[in-house]
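Content type compact mmCIF, N, CA and C atoms, from the file target-v2.txt:
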```txt
# COMPACT_ATOMS: atom_id res chain seq x y z
N MET L 1 -4.94 14.21 17.01
CA MET L 1 -4.25 14.26 15.74
C MET L 1 -2.75 14.19 16.00
N SER L 2 -2.10 13.33 15.27
CA SER L 2 -0.67 13.17 15.45
C SER L 2 0.00 13.21 14.08
N LEU L 3 1.05 13.99 14.00
CA LEU L 3 1.80 14.10 12.74
C LEU L 3 3.01 13.18 12.78
N ASP L 4 3.32 12.59 11.64
CA ASP L 4 4.52 11.78 11.54
C ASP L 4 5.46 12.43 10.52
N LYS L 5 6.56 11.74 10.23
CA LYS L 5 7.55 12.29 9.32
C LYS L 5 6.98 12.54 7.92
N ASN L 6 6.10 11.67 7.45
CA ASN L 6 5.51 11.86 6.12
C ASN L 6 4.63 13.11 6.08
N ASP L 7 3.89 13.35 7.17
CA ASP L 7 3.06 14.56 7.23
C ASP L 7 3.94 15.82 7.20
N VAL L 8 5.01 15.79 7.96
CA VAL L 8 5.92 16.94 8.00
C VAL L 8 6.55 17.15 6.63
N ARG L 9 6.93 16.08 5.98
CA ARG L 9 7.52 16.17 4.64
C ARG L 9 6.52 16.84 3.68
N ARG L 10 5.26 16.43 3.77
CA ARG L 10 4.21 16.98 2.90
C ARG L 10 3.96 18.46 3.20
N VAL L 11 3.86 18.81 4.48
CA VAL L 11 3.65 20.20 4.86
C VAL L 11 4.83 21.06 4.42
N ALA L 12 6.03 20.55 4.59
CA ALA L 12 7.22 21.30 4.16
C ALA L 12 7.20 21.51 2.65
N PHE L 13 6.78 20.50 1.90
CA PHE L 13 6.69 20.63 0.45
C PHE L 13 5.67 21.70 0.07
N LEU L 14 4.50 21.66 0.71
CA LEU L 14 3.45 22.63 0.40
C LEU L 14 3.85 24.05 0.79
N ALA L 15 4.62 24.17 1.86
CA ALA L 15 5.06 25.49 2.32
C ALA L 15 6.34 25.93 1.63
N ARG L 16 6.86 25.08 0.79
CA ARG L 16 8.13 25.37 0.08
C ARG L 16 9.26 25.64 1.06
N ILE L 17 9.32 24.78 2.09
CA ILE L 17 10.36 24.87 3.11
C ILE L 17 11.19 23.60 3.04
N ARG L 18 12.50 23.77 3.02
CA ARG L 18 13.37 22.61 2.99
C ARG L 18 13.61 22.15 4.42
N VAL L 19 13.26 20.91 4.69
CA VAL L 19 13.52 20.29 5.99
C VAL L 19 14.35 19.05 5.70
N GLU L 20 15.53 19.01 6.30
CA GLU L 20 16.43 17.88 6.10
C GLU L 20 15.80 16.61 6.66
N GLU L 21 16.16 15.48 6.11
CA GLU L 21 15.61 14.18 6.53
C GLU L 21 15.82 13.93 8.02
N ASP L 22 17.00 14.31 8.54
CA ASP L 22 17.29 14.10 9.96
C ASP L 22 16.45 14.99 10.87
N ASP L 23 15.90 16.08 10.32
CA ASP L 23 15.12 17.02 11.12
C ASP L 23 13.63 16.75 11.09
N LEU L 24 13.18 15.80 10.29
CA LEU L 24 11.74 15.55 10.16
C LEU L 24 11.11 15.10 11.47
N GLN L 25 11.75 14.17 12.18
CA GLN L 25 11.17 13.67 13.43
C GLN L 25 11.11 14.75 14.51
N PRO L 26 12.18 15.52 14.74
CA PRO L 26 12.09 16.60 15.74
C PRO L 26 11.03 17.64 15.38
N VAL L 27 10.90 17.96 14.09
CA VAL L 27 9.88 18.92 13.67
C VAL L 27 8.49 18.33 13.90
N ALA L 28 8.32 17.05 13.63
CA ALA L 28 7.03 16.40 13.88
C ALA L 28 6.68 16.46 15.36
N GLU L 29 7.65 16.24 16.23
CA GLU L 29 7.40 16.31 17.67
C GLU L 29 7.03 17.73 18.08
N ASP L 30 7.75 18.72 17.54
CA ASP L 30 7.43 20.12 17.85
C ASP L 30 6.02 20.47 17.39
N LEU L 31 5.67 20.07 16.19
CA LEU L 31 4.33 20.37 15.68
C LEU L 31 3.26 19.66 16.49
N ASN L 32 3.51 18.43 16.92
CA ASN L 32 2.56 17.72 17.77
C ASN L 32 2.37 18.42 19.11
N ASN L 33 3.45 18.97 19.66
CA ASN L 33 3.35 19.74 20.90
C ASN L 33 2.52 20.99 20.70
N ILE L 34 2.70 21.66 19.58
CA ILE L 34 1.93 22.87 19.28
C ILE L 34 0.46 22.52 19.13
N ILE L 35 0.17 21.46 18.40
CA ILE L 35 -1.23 21.04 18.20
C ILE L 35 -1.87 20.68 19.53
N ALA L 36 -1.13 20.00 20.41
CA ALA L 36 -1.67 19.63 21.72
C ALA L 36 -1.98 20.88 22.54
N TRP L 37 -1.12 21.89 22.44
CA TRP L 37 -1.35 23.14 23.17
C TRP L 37 -2.60 23.84 22.65
N VAL L 38 -2.76 23.87 21.33
CA VAL L 38 -3.94 24.50 20.75
C VAL L 38 -5.20 23.74 21.14
N GLU L 39 -5.12 22.42 21.21
CA GLU L 39 -6.28 21.64 21.62
C GLU L 39 -6.68 21.92 23.07
N GLN L 40 -5.72 22.33 23.89
CA GLN L 40 -6.04 22.71 25.27
C GLN L 40 -6.95 23.93 25.31
N LEU L 41 -6.88 24.78 24.31
CA LEU L 41 -7.70 25.98 24.28
C LEU L 41 -9.19 25.65 24.25
N SER L 42 -9.55 24.47 23.76
CA SER L 42 -10.95 24.09 23.72
C SER L 42 -11.50 23.86 25.13
N GLU L 43 -10.63 23.70 26.11
CA GLU L 43 -11.06 23.49 27.48
C GLU L 43 -11.40 24.80 28.19
N VAL L 44 -11.05 25.94 27.60
CA VAL L 44 -11.29 27.23 28.23
C VAL L 44 -12.78 27.54 28.17
N ASP L 45 -13.32 27.95 29.31
CA ASP L 45 -14.74 28.31 29.39
C ASP L 45 -14.92 29.71 28.81
N THR L 46 -15.58 29.80 27.67
CA THR L 46 -15.80 31.09 27.02
C THR L 46 -17.26 31.52 27.09
N ASP L 47 -18.04 30.87 27.95
CA ASP L 47 -19.44 31.27 28.11
C ASP L 47 -19.50 32.70 28.63
N GLY L 48 -20.33 33.50 28.01
CA GLY L 48 -20.49 34.89 28.43
C GLY L 48 -19.44 35.83 27.87
N VAL L 49 -18.52 35.34 27.08
CA VAL L 49 -17.49 36.18 26.48
C VAL L 49 -17.97 36.60 25.09
N GLN L 50 -18.05 37.88 24.87
CA GLN L 50 -18.50 38.37 23.58
C GLN L 50 -17.40 38.14 22.53
N PRO L 51 -17.75 37.60 21.39
CA PRO L 51 -16.75 37.42 20.34
C PRO L 51 -16.36 38.76 19.73
N LEU L 52 -15.14 38.84 19.28
CA LEU L 52 -14.67 40.04 18.60
C LEU L 52 -15.24 40.01 17.19
N THR L 53 -16.10 40.97 16.89
CA THR L 53 -16.76 40.97 15.60
C THR L 53 -16.21 42.03 14.67
N SER L 54 -15.38 42.92 15.20
CA SER L 54 -14.87 44.00 14.37
C SER L 54 -13.59 44.54 14.97
N VAL L 55 -12.76 45.09 14.11
CA VAL L 55 -11.55 45.74 14.60
C VAL L 55 -11.75 47.24 14.68
N GLU L 56 -12.96 47.68 14.39
CA GLU L 56 -13.29 49.09 14.49
C GLU L 56 -13.26 49.53 15.94
N ALA L 57 -13.06 50.83 16.13
CA ALA L 57 -13.05 51.37 17.48
C ALA L 57 -14.41 51.16 18.13
N MET L 58 -14.37 50.62 19.33
CA MET L 58 -15.61 50.34 20.05
C MET L 58 -15.47 50.93 21.44
N ALA L 59 -16.59 51.27 22.04
CA ALA L 59 -16.56 51.76 23.41
C ALA L 59 -16.23 50.59 24.33
N MET L 60 -15.17 50.73 25.07
CA MET L 60 -14.75 49.67 25.97
C MET L 60 -15.46 49.83 27.31
N PRO L 61 -15.86 48.73 27.91
CA PRO L 61 -16.46 48.84 29.23
C PRO L 61 -15.41 49.35 30.22
N LYS L 62 -15.84 50.20 31.11
CA LYS L 62 -14.91 50.80 32.06
C LYS L 62 -15.26 50.34 33.47
N ARG L 63 -14.25 50.29 34.29
CA ARG L 63 -14.46 49.95 35.69
C ARG L 63 -14.05 51.13 36.54
N GLU L 64 -14.48 51.11 37.76
CA GLU L 64 -14.12 52.18 38.69
C GLU L 64 -12.61 52.14 38.94
N ASP L 65 -11.99 53.31 38.91
CA ASP L 65 -10.56 53.41 39.13
C ASP L 65 -10.32 53.55 40.63
N LYS L 66 -9.91 52.46 41.25
CA LYS L 66 -9.66 52.50 42.68
C LYS L 66 -8.42 51.68 43.00
N VAL L 67 -7.75 52.04 44.05
CA VAL L 67 -6.56 51.33 44.49
C VAL L 67 -7.01 50.06 45.20
N THR L 68 -6.51 48.93 44.74
CA THR L 68 -6.88 47.66 45.35
C THR L 68 -5.72 47.03 46.11
N ASP L 69 -4.55 47.61 46.00
CA ASP L 69 -3.39 47.07 46.69
C ASP L 69 -2.46 48.24 46.97
N GLY L 70 -1.67 48.13 47.96
CA GLY L 70 -0.74 49.19 48.30
C GLY L 70 -0.91 49.60 49.75
N GLY L 71 -0.24 50.66 50.10
CA GLY L 71 -0.31 51.12 51.46
C GLY L 71 0.47 50.25 52.43
N ASP L 72 1.29 49.36 51.91
CA ASP L 72 2.09 48.48 52.75
C ASP L 72 3.52 48.45 52.21
N PRO L 73 4.27 49.55 52.39
CA PRO L 73 5.61 49.63 51.79
C PRO L 73 6.57 48.56 52.31
N ASP L 74 6.39 48.11 53.54
CA ASP L 74 7.31 47.08 54.05
C ASP L 74 7.15 45.78 53.27
N ARG L 75 5.93 45.42 52.93
CA ARG L 75 5.71 44.21 52.15
C ARG L 75 6.15 44.40 50.70
N VAL L 76 5.87 45.57 50.13
CA VAL L 76 6.24 45.84 48.74
C VAL L 76 7.76 45.87 48.58
N LEU L 77 8.45 46.48 49.52
CA LEU L 77 9.90 46.63 49.42
C LEU L 77 10.66 45.53 50.16
N GLY L 78 9.98 44.47 50.55
CA GLY L 78 10.61 43.40 51.31
C GLY L 78 11.77 42.74 50.59
N ASN L 79 11.73 42.66 49.27
CA ASN L 79 12.80 42.02 48.51
C ASN L 79 13.77 43.03 47.90
N ALA L 80 13.58 44.30 48.19
CA ALA L 80 14.45 45.32 47.60
C ALA L 80 15.87 45.17 48.15
N PRO L 81 16.88 45.21 47.27
CA PRO L 81 18.25 45.10 47.76
C PRO L 81 18.66 46.31 48.59
N ASP L 82 18.08 47.46 48.29
CA ASP L 82 18.39 48.68 49.04
C ASP L 82 17.18 49.60 48.95
N ARG L 83 16.89 50.29 50.02
CA ARG L 83 15.75 51.20 50.01
C ARG L 83 16.08 52.44 50.82
N VAL L 84 15.42 53.51 50.47
CA VAL L 84 15.53 54.77 51.21
C VAL L 84 14.11 55.16 51.57
N GLY L 85 13.78 55.05 52.82
CA GLY L 85 12.42 55.33 53.25
C GLY L 85 11.47 54.32 52.63
N ASP L 86 10.46 54.83 51.92
CA ASP L 86 9.47 53.97 51.27
C ASP L 86 9.73 53.82 49.78
N PHE L 87 10.99 53.97 49.36
CA PHE L 87 11.33 53.92 47.95
C PHE L 87 12.48 52.95 47.70
N TYR L 88 12.52 52.42 46.45
CA TYR L 88 13.67 51.63 46.03
C TYR L 88 14.86 52.55 45.86
N ALA L 89 16.02 52.12 46.30
CA ALA L 89 17.25 52.87 46.07
C ALA L 89 18.00 52.17 44.94
N VAL L 90 18.37 52.94 43.92
CA VAL L 90 19.10 52.36 42.79
C VAL L 90 20.42 53.10 42.64
N PRO L 91 21.42 52.41 42.10
CA PRO L 91 22.71 53.08 41.93
C PRO L 91 22.63 54.17 40.87
N LYS L 92 23.43 55.17 41.06
CA LYS L 92 23.50 56.27 40.09
C LYS L 92 24.09 55.75 38.79
N VAL L 93 23.42 56.04 37.65
CA VAL L 93 23.91 55.53 36.38
C VAL L 93 24.40 56.65 35.47
N VAL L 94 24.15 57.89 35.81
CA VAL L 94 24.59 59.03 35.01
C VAL L 94 25.41 59.95 35.90
N ASP L 95 26.58 60.32 35.43
CA ASP L 95 27.43 61.23 36.21
C ASP L 95 27.15 62.65 35.85
```
Turn this file's structure into structure tokens for me.
Amino acid sequence: MSLDKNDVRRVAFLARIRVEEDDLQPVAEDLNNIIAWVEQLSEVDTDGVQPLTSVEAMAMPKREDKVTDGGDPDRVLGNAPDRVGDFYAVPKVVD
């Protein structure tokens, strides 16, 4: 689906939005980009994903709470501009 200036003019009229004549083409391009992005969503594999059927409170599935990363302060603090031991060092901001 591709929108042109006439489509944008019609949508603007229906939405009661004033779009200047010079802005119709850029708006059409922006809307076409948005539509293309939304069409990409159809490529997402949603097999096995339960649809949201209610906004009511539901019991959420829980996973085991375990540390999956860490224990390597040299790697974690490798990009730190300054460190003290195994911690980030930050300048004092309150006197």
Worksheet item: Can you list every residue in chain L that DSSP puts in alpha helix (DSSP H), as an MDAnalysis selection string?
Response: chainID L and resid 5:14 24:40 73:76
Discussion item. Taking the DSSP secondary structure from the backbone, can you list the residues of segment 19-94 of chain L that are strand (DSSP E or B), as a PyMOL selection string?
Written reply: chain L and resi 83-84+87-88
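Note that the spacing between atom CA of Ala80 of chain L and atom N of Val93 of chain L amounts to 17.2 Å.
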Fill in: Selection: 10 Å around Asn6 of chain L, only C-alpha atoms, excl. self and same-chain fewer than 4 positions, as a PyMOL selection string
chain L and resi 10-12+24-25+28
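In terms of minimum interatomic distance to Glu29 of chain L, L:Leu3 ranks closest within L:Leu3, L:Leu52, L:Ala59, L:Leu14, counting all atoms listed in the file.
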Discussion item. What's the separation between atom CA of Arg83 of chain L and atom CA of Gly70 of chain L, in Å to one decimal place?
Written reply: 16.7 Å
Give, as AutoDock Vina command-line options, the centre coordinates and the x, y and z edge lengths in Å to one decimal for an axis-aligned box around all listed atoms of segment 12-16 of chain L, padded by 4 Å on each side.
```
--center_x 6.4 --center_y 23.2 --center_z 2.3 --size_x 13.8 --size_y 13.4 --size_z 12.5
```
